[in-house]
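Colleague: Structure file coords.txt (compact mmCIF, C-alpha atoms) is given on the next line.
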# COMPACT_ATOMS: atom_id res chain seq x y z
CA MET Y 1 5.44 37.44 20.22
CA THR Y 2 2.01 36.30 19.02
CA ARG Y 3 0.52 32.93 19.96
CA ILE Y 4 0.95 31.74 16.34
CA GLU Y 5 4.65 32.65 16.39
CA ALA Y 6 5.05 30.88 19.72
CA ALA Y 7 3.34 27.74 18.31
CA LYS Y 8 5.58 27.84 15.23
CA ARG Y 9 8.67 28.05 17.45
CA ARG Y 10 7.36 25.15 19.55
CA ALA Y 11 6.77 23.04 16.43
CA ALA Y 12 10.26 23.85 15.12
CA GLY Y 13 11.72 22.83 18.49
CA ALA Y 14 9.70 19.60 18.49
CA LYS Y 15 10.97 18.76 15.00
CA ARG Y 16 14.56 19.37 16.09
CA ALA Y 17 13.96 17.13 19.12
CA VAL Y 18 12.44 14.38 16.92
CA ALA Y 19 15.41 14.57 14.52
CA ALA Y 20 17.96 14.48 17.35
CA THR Y 21 16.16 11.62 19.14
CA SER Y 22 15.96 9.68 15.87
CA ALA Y 23 19.67 10.11 15.21
CA ALA Y 24 20.52 8.99 18.76
CA GLY Y 25 18.00 6.14 18.50
CA PHE Y 26 19.51 5.01 15.22
CA VAL Y 27 22.97 4.74 16.77
CA ALA Y 28 21.56 2.97 19.85
CA VAL Y 29 19.61 0.43 17.77
CA LEU Y 30 22.63 -0.10 15.51
CA LEU Y 31 24.78 -0.92 18.54
CA LEU Y 32 22.07 -3.18 20.00
CA ALA Y 33 21.76 -4.97 16.64
CA ARG Y 34 25.53 -5.44 16.55
CA ALA Y 35 25.54 -6.84 20.06
CA SER Y 36 22.57 -9.17 19.58
CA HIS Y 37 23.45 -10.61 16.17
CA PRO Y 38 27.01 -9.68 15.17
CA GLY Y 39 26.97 -11.40 11.79
CA HIS Y 40 30.28 -13.12 12.22
CA ALA Y 41 31.66 -16.03 14.20
CA THR Y 42 31.87 -15.27 17.87
CA THR Y 43 32.53 -18.66 19.39
CA SER Y 44 35.27 -21.22 19.43
CA HIS Y 45 35.81 -23.95 16.83
CA ALA Y 46 34.20 -26.50 19.11
CA THR Y 47 30.83 -24.80 19.23
CA ALA Y 48 28.88 -22.77 16.75
CA SER Y 49 26.61 -19.87 17.51
CA THR Y 50 23.59 -19.04 15.39
CA SER Y 51 25.12 -15.61 14.96
CA SER Y 52 27.82 -17.12 12.75
CA GLN Y 53 25.49 -17.87 9.88
CA SER Y 54 23.87 -15.59 7.38
CA PRO Y 55 20.12 -15.08 7.95
CA ILE Y 56 19.54 -16.44 4.43
CA ALA Y 57 21.30 -19.64 5.36
CA ALA Y 58 19.32 -19.79 8.60
CA ALA Y 59 16.02 -19.21 6.83
CA THR Y 60 16.60 -21.63 3.97
CA GLY Y 61 18.18 -24.33 6.07
CA THR Y 62 21.40 -24.42 4.08
CA SER Y 63 23.64 -23.98 7.08
CA VAL Y 64 25.95 -26.56 8.48
CA PRO Y 65 24.60 -28.57 11.42
CA GLN Y 66 24.76 -26.61 14.63
CA VAL Y 67 26.00 -27.95 17.93
CA GLN Y 68 23.51 -27.31 20.69
CA THR Y 69 25.27 -25.61 23.53
CA HIS Y 70 22.43 -25.31 26.00
CA VAL Y 71 19.20 -26.95 26.98
CA SER Y 72 16.15 -24.74 27.26
CA MET W 1 30.76 -5.68 5.41
CA THR W 2 28.44 -6.20 8.35
CA ALA W 3 28.26 -2.47 9.23
CA VAL W 4 25.93 -2.02 6.26
CA TRP W 5 23.80 -4.87 7.55
CA TYR W 6 23.52 -3.19 10.98
CA THR W 7 22.54 0.02 9.17
CA ALA W 8 19.80 -1.84 7.29
CA ARG W 9 18.40 -3.29 10.52
CA ALA W 10 18.61 -0.05 12.51
CA GLY W 11 17.19 1.98 9.60
CA GLY W 12 14.22 -0.36 9.29
CA LEU W 13 13.44 -0.28 13.00
CA LEU W 14 13.80 3.51 13.25
CA GLY W 15 11.59 3.92 10.19
CA PHE W 16 8.94 1.80 11.88
CA LEU W 17 9.18 3.72 15.18
CA LEU W 18 8.84 7.06 13.38
CA LEU W 19 5.92 5.69 11.36
CA THR W 20 4.32 4.75 14.68
CA ALA W 21 4.84 8.30 15.95
CA ALA W 22 3.34 9.73 12.75
CA VAL W 23 0.29 7.43 13.02
CA VAL W 24 -0.29 8.34 16.69
CA LEU W 25 0.02 12.07 15.88
CA GLY W 26 -2.35 11.58 12.93
CA LEU W 27 -4.92 9.95 15.19
CA THR W 28 -4.51 12.84 17.64
CA LEU W 29 -5.23 15.26 14.80
CA ALA W 30 -8.19 13.23 13.52
CA GLY W 31 -9.66 13.15 17.03
CA ARG W 32 -9.22 16.93 17.31
CA ALA W 33 -7.41 16.64 20.59
CA ARG W 34 -6.79 20.00 22.25
CA LEU W 35 -3.26 20.39 23.50
CA PRO W 36 -2.53 23.64 25.35
CA GLY W 37 -0.18 25.80 23.26
CA TRP W 38 -0.36 23.44 20.32
CA PRO W 39 -2.73 24.64 17.60
CA ARG W 40 -3.68 22.17 14.89
CA PHE W 41 -1.22 23.53 12.30
CA ALA W 42 1.71 23.01 14.69
CA VAL W 43 0.77 19.36 15.39
CA GLU W 44 0.29 18.83 11.63
CA ASP W 45 3.77 20.23 11.02
CA VAL W 46 5.34 17.74 13.45
CA HIS W 47 3.14 14.90 12.06
CA ARG W 48 4.37 15.61 8.50
CA PHE W 49 7.97 15.85 9.66
CA ALA W 50 7.74 12.49 11.48
CA GLY W 51 6.32 10.93 8.30
CA LEU W 52 9.09 12.37 6.14
CA LEU W 53 11.74 11.21 8.59
CA ALA W 54 10.15 7.73 8.66
CA GLY W 55 10.36 7.64 4.86
CA SER W 56 14.02 8.70 5.03
CA PHE W 57 14.93 5.89 7.42
CA VAL W 58 12.96 3.36 5.32
CA GLY W 59 14.92 4.63 2.30
CA LEU W 60 18.15 4.10 4.23
CA HIS W 61 16.94 0.57 5.15
CA VAL W 62 16.34 -0.31 1.48
CA LEU W 63 19.54 1.30 0.22
CA ALA W 64 21.60 -0.53 2.84
CA LEU W 65 19.95 -3.83 1.85
CA LEU W 66 20.88 -3.20 -1.79
CA VAL W 67 24.50 -2.41 -0.91
CA ASP W 68 24.88 -5.11 1.72
CA SER W 69 26.66 -8.31 0.77
CA TYR W 70 25.90 -10.23 4.00
CA VAL W 71 22.19 -10.54 3.14
CA PRO W 72 22.20 -9.67 -0.57
CA PHE W 73 19.07 -8.25 -2.22
CA SER W 74 18.73 -7.24 -5.87
CA LEU W 75 16.76 -4.21 -7.04
CA ALA W 76 14.05 -6.54 -8.38
CA GLN W 77 13.82 -8.28 -5.01
CA VAL W 78 13.18 -5.02 -3.15
CA LEU W 79 10.59 -3.94 -5.73
CA VAL W 80 8.68 -7.16 -6.49
CA PRO W 81 6.98 -8.77 -3.45
CA GLY W 82 7.81 -12.40 -2.77
CA THR W 83 10.90 -12.65 -4.97
CA ALA W 84 13.53 -12.43 -2.24
CA SER W 85 15.29 -15.63 -1.25
CA TYR W 86 15.24 -14.60 2.42
CA ARG W 87 11.77 -15.25 3.94
CA PRO W 88 9.83 -14.33 0.76
CA LEU W 89 6.46 -13.75 2.47
CA ALA W 90 7.87 -11.67 5.32
CA THR W 91 10.04 -9.54 3.03
CA GLY W 92 7.19 -9.32 0.51
CA LEU W 93 5.02 -7.65 3.17
CA GLY W 94 7.78 -5.08 3.63
CA VAL W 95 7.92 -4.45 -0.13
CA VAL W 96 4.14 -3.91 -0.28
CA ALA W 97 4.34 -1.55 2.73
CA LEU W 98 7.18 0.37 1.06
CA GLU W 99 5.27 0.77 -2.20
CA LEU W 100 2.08 1.84 -0.42
CA LEU W 101 4.11 4.36 1.60
CA ALA W 102 5.60 5.76 -1.62
CA ALA W 103 2.12 6.02 -3.18
CA LEU W 104 0.82 7.81 -0.07
CA ALA W 105 3.79 10.20 -0.19
CA VAL W 106 2.73 11.10 -3.75
CA THR W 107 -0.88 11.77 -2.62
CA ASN W 108 0.49 13.99 0.17
CA ARG W 109 2.74 15.86 -2.27
CA TYR W 110 -0.20 16.59 -4.60
CA ARG W 111 -2.79 16.93 -1.84
CA LYS W 112 -4.07 20.29 -3.11
CA ARG W 113 -4.74 18.87 -6.58
CA LEU W 114 -6.77 15.94 -5.19
CA SER W 115 -10.23 16.03 -3.71
CA TYR W 116 -10.19 16.05 0.09
CA ARG W 117 -12.44 12.98 0.08
CA PHE W 118 -9.97 10.98 -2.08
CA TRP W 119 -6.93 12.15 -0.11
CA ARG W 120 -8.55 11.30 3.24
CA ARG W 121 -9.58 7.83 2.07
CA ALA W 122 -6.10 7.21 0.69
CA HIS W 123 -4.62 8.48 3.96
CA PHE W 124 -6.42 5.69 5.83
CA LEU W 125 -4.08 3.28 4.01
CA ASN W 126 -1.38 4.46 6.41
CA PHE W 127 -2.90 2.08 8.95
CA GLY W 128 -2.30 -0.73 6.45
CA VAL W 129 1.27 0.43 5.88
CA TRP W 130 1.90 0.51 9.62
CA ALA W 131 0.35 -2.96 10.16
CA LEU W 132 2.31 -4.45 7.25
CA ALA W 133 5.50 -2.85 8.57
CA LEU W 134 4.83 -4.31 12.03
CA VAL W 135 4.30 -7.85 10.70
CA HIS W 136 7.27 -7.44 8.35
CA GLY W 137 9.51 -6.31 11.19
CA ILE W 138 8.44 -9.14 13.49
CA THR W 139 8.61 -11.92 10.88
CA ALA W 140 11.62 -10.78 8.83
CA GLY W 141 13.63 -8.96 11.47
CA THR W 142 16.75 -10.62 12.79
CA ASP W 143 16.31 -8.93 16.17
CA THR W 144 12.69 -9.94 16.87
CA GLY W 145 13.75 -12.51 19.45
CA THR W 146 15.71 -10.01 21.51
CA PRO W 147 13.98 -8.38 24.50
CA TRP W 148 14.77 -4.84 23.34
CA ALA W 149 13.29 -5.32 19.87
CA ALA W 150 10.26 -7.21 21.20
CA GLY W 151 9.75 -4.37 23.70
CA LEU W 152 9.89 -1.73 20.96
CA TYR W 153 7.34 -3.62 18.86
CA ALA W 154 5.07 -4.11 21.90
CA VAL W 155 5.22 -0.43 22.92
CA SER W 156 4.56 0.65 19.31
CA ALA W 157 1.57 -1.69 18.93
CA ALA W 158 0.18 -0.59 22.32
CA SER W 159 0.59 3.11 21.39
CA VAL W 160 -1.31 2.77 18.12
CA ALA W 161 -3.97 0.51 19.69
CA GLY W 162 -4.44 3.02 22.52
CA ALA W 163 -4.72 5.95 20.10
CA VAL W 164 -7.24 4.04 17.95
CA VAL W 165 -9.37 3.20 21.01
CA TRP W 166 -9.24 6.86 22.13
CA ARG W 167 -10.21 8.02 18.62
CA VAL W 168 -13.11 5.56 18.33
CA ALA W 169 -14.40 6.20 21.85
CA LYS W 170 -14.19 9.98 21.55
CA PRO W 171 -17.61 11.52 20.86
CA PRO W 172 -17.79 13.42 17.55
CA ALA W 173 -17.20 17.16 17.71
CA VAL W 174 -20.32 19.30 17.86
CA THR W 175 -20.35 21.75 14.95
CA ALA W 176 -22.23 25.02 14.63
CA ALA W 177 -24.56 23.32 12.17
CA GLY W 178 -25.45 20.86 14.88
Show me, as structure tokens, the structure contained in the file I just sent.

Modeller:
Amino acid sequence: MTRIEAAKRRAAGAKRAVAATSAAGFVAVLLLARASHPGHATTSHATASTSSQSPIAAATGTSVPQVQTHVS
Amino acid sequence: MTAVWYTARAGGLLGFLLLTAAVVLGLTLAGRARLPGWPRFAVEDVHRFAGLLAGSFVGLHVLALLVDSYVPFSLAQVLVPGTASYRPLATGLGVVALELLAALAVTNRYRKRLSYRFWRRAHFLNFGVWALALVHGITAGTDTGTPWAAGLYAVSAASVAGAVVWRVAKPPAVTAAG
């Protein structure tokens, strides 16, 4: 095998590795996104989490008043 | 359906990470770094592939935003900067980055028909695309406040900054012409 052929094989392997890592990374980030901001109500009726409101509502201030559940 | 919304967020972040990888590889190429067993054409091949994959994930990000009903976007809102109801400036930066990326993809596709000088100058806009994408991700992203997302943005910014410093500090290659 020539050095050019070896480099081509290495590049092909690197591209496969990038594709596989990206696919795995996509699933990992998707699960992290789901865990960090589920997009639906996750708390009881007595308290409200910021995750229960749409980001549009959060950004435009059209959400219902939130009950603070902790002091930072 | 929130699954589409998760897809939009994950697609955007993966697109940004792959764009970061493509920029770092591009800087490595521009600086003529010598990697044992990796001739220039092989690094270029991986660089192009990372760019294409970044574009694919950005496409997935936009498509998911169009389909999603949790954070609805119209076609006009993803094409015209500043028209979205959700953080218009932050999303507008993403729209500009997307359109620049599409324009750069066209210059890459027709690279042989363009002068090298024009293509190279246009290619520098990738830094702008990357910077816009970074600010867009931080300011518009729902996950910015989480440690994992902040860490990914920090590592990406540090990688590109490090590669830029290496490229600028590297002495120019000595050619046969002197």

Colleague: For a quick test of understanding: name the residues of chain W lying within 7 Å of chain Y when counting all atoms listed in the file, and present them as an mmCIF file with C-alpha atoms, in the coordinates of the input.

Modeller:
data_model
loop_
_atom_site.group_PDB
_atom_site.id
_atom_site.type_symbol
_atom_site.label_atom_id
_atom_site.label_comp_id
_atom_site.auth_asym_id
_atom_site.auth_seq_id
_atom_site.Cartn_x
_atom_site.Cartn_y
_atom_site.Cartn_z
ATOM 1 C CA THR W 2 28.440 -6.200 8.350
ATOM 2 C CA TYR W 6 23.520 -3.190 10.980
ATOM 3 C CA THR W 7 22.540 0.020 9.170
ATOM 4 C CA ALA W 10 18.610 -0.050 12.510
ATOM 5 C CA GLY W 11 17.190 1.980 9.600
ATOM 6 C CA LEU W 14 13.800 3.510 13.250
ATOM 7 C CA GLY W 37 -0.180 25.800 23.260
ATOM 8 C CA TRP W 38 -0.360 23.440 20.320
ATOM 9 C CA PRO W 39 -2.730 24.640 17.600
ATOM 10 C CA ALA W 42 1.710 23.010 14.690
ATOM 11 C CA ASP W 45 3.770 20.230 11.020
ATOM 12 C CA VAL W 46 5.340 17.740 13.450
ATOM 13 C CA PHE W 49 7.970 15.850 9.660
ATOM 14 C CA TYR W 70 25.900 -10.230 4.000
ATOM 15 C CA VAL W 71 22.190 -10.540 3.140
ATOM 16 C CA TYR W 86 15.240 -14.600 2.420
ATOM 17 C CA ARG W 87 11.770 -15.250 3.940
ATOM 18 C CA ASP W 143 16.310 -8.930 16.170
#

Colleague: Considering only C-alpha atoms, return as number ranges by chain whatever protein or nucleic-acid residues lie within 9 Å of Thr20 in chain W, sequence-local ones (same chain, fewer than 2 positions apart) excluded.

Modeller: W: 15-18, 22-25, 54, 130, 156-157, 159-160

Colleague: I want to know what sits within 12 Å of Phe127 in chain W, based on only C-alpha atoms, with residues of the same chain fewer than 3 positions away left out; could you give that as a list of chain:residue names?

Modeller: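 Selected residues are W:Leu19, W:Thr20, W:Ala22, W:Val23, W:Val24, W:Gly26, W:Leu27, W:Ala97, W:Leu100, W:Leu101, W:Leu104, W:Arg121, W:Ala122, W:His123, W:Phe124, W:Trp130, W:Ala131, W:Leu132, W:Ala133, W:Leu134, W:Ala157, W:Val160, W:Ala161, W:Ala163, W:Val164.
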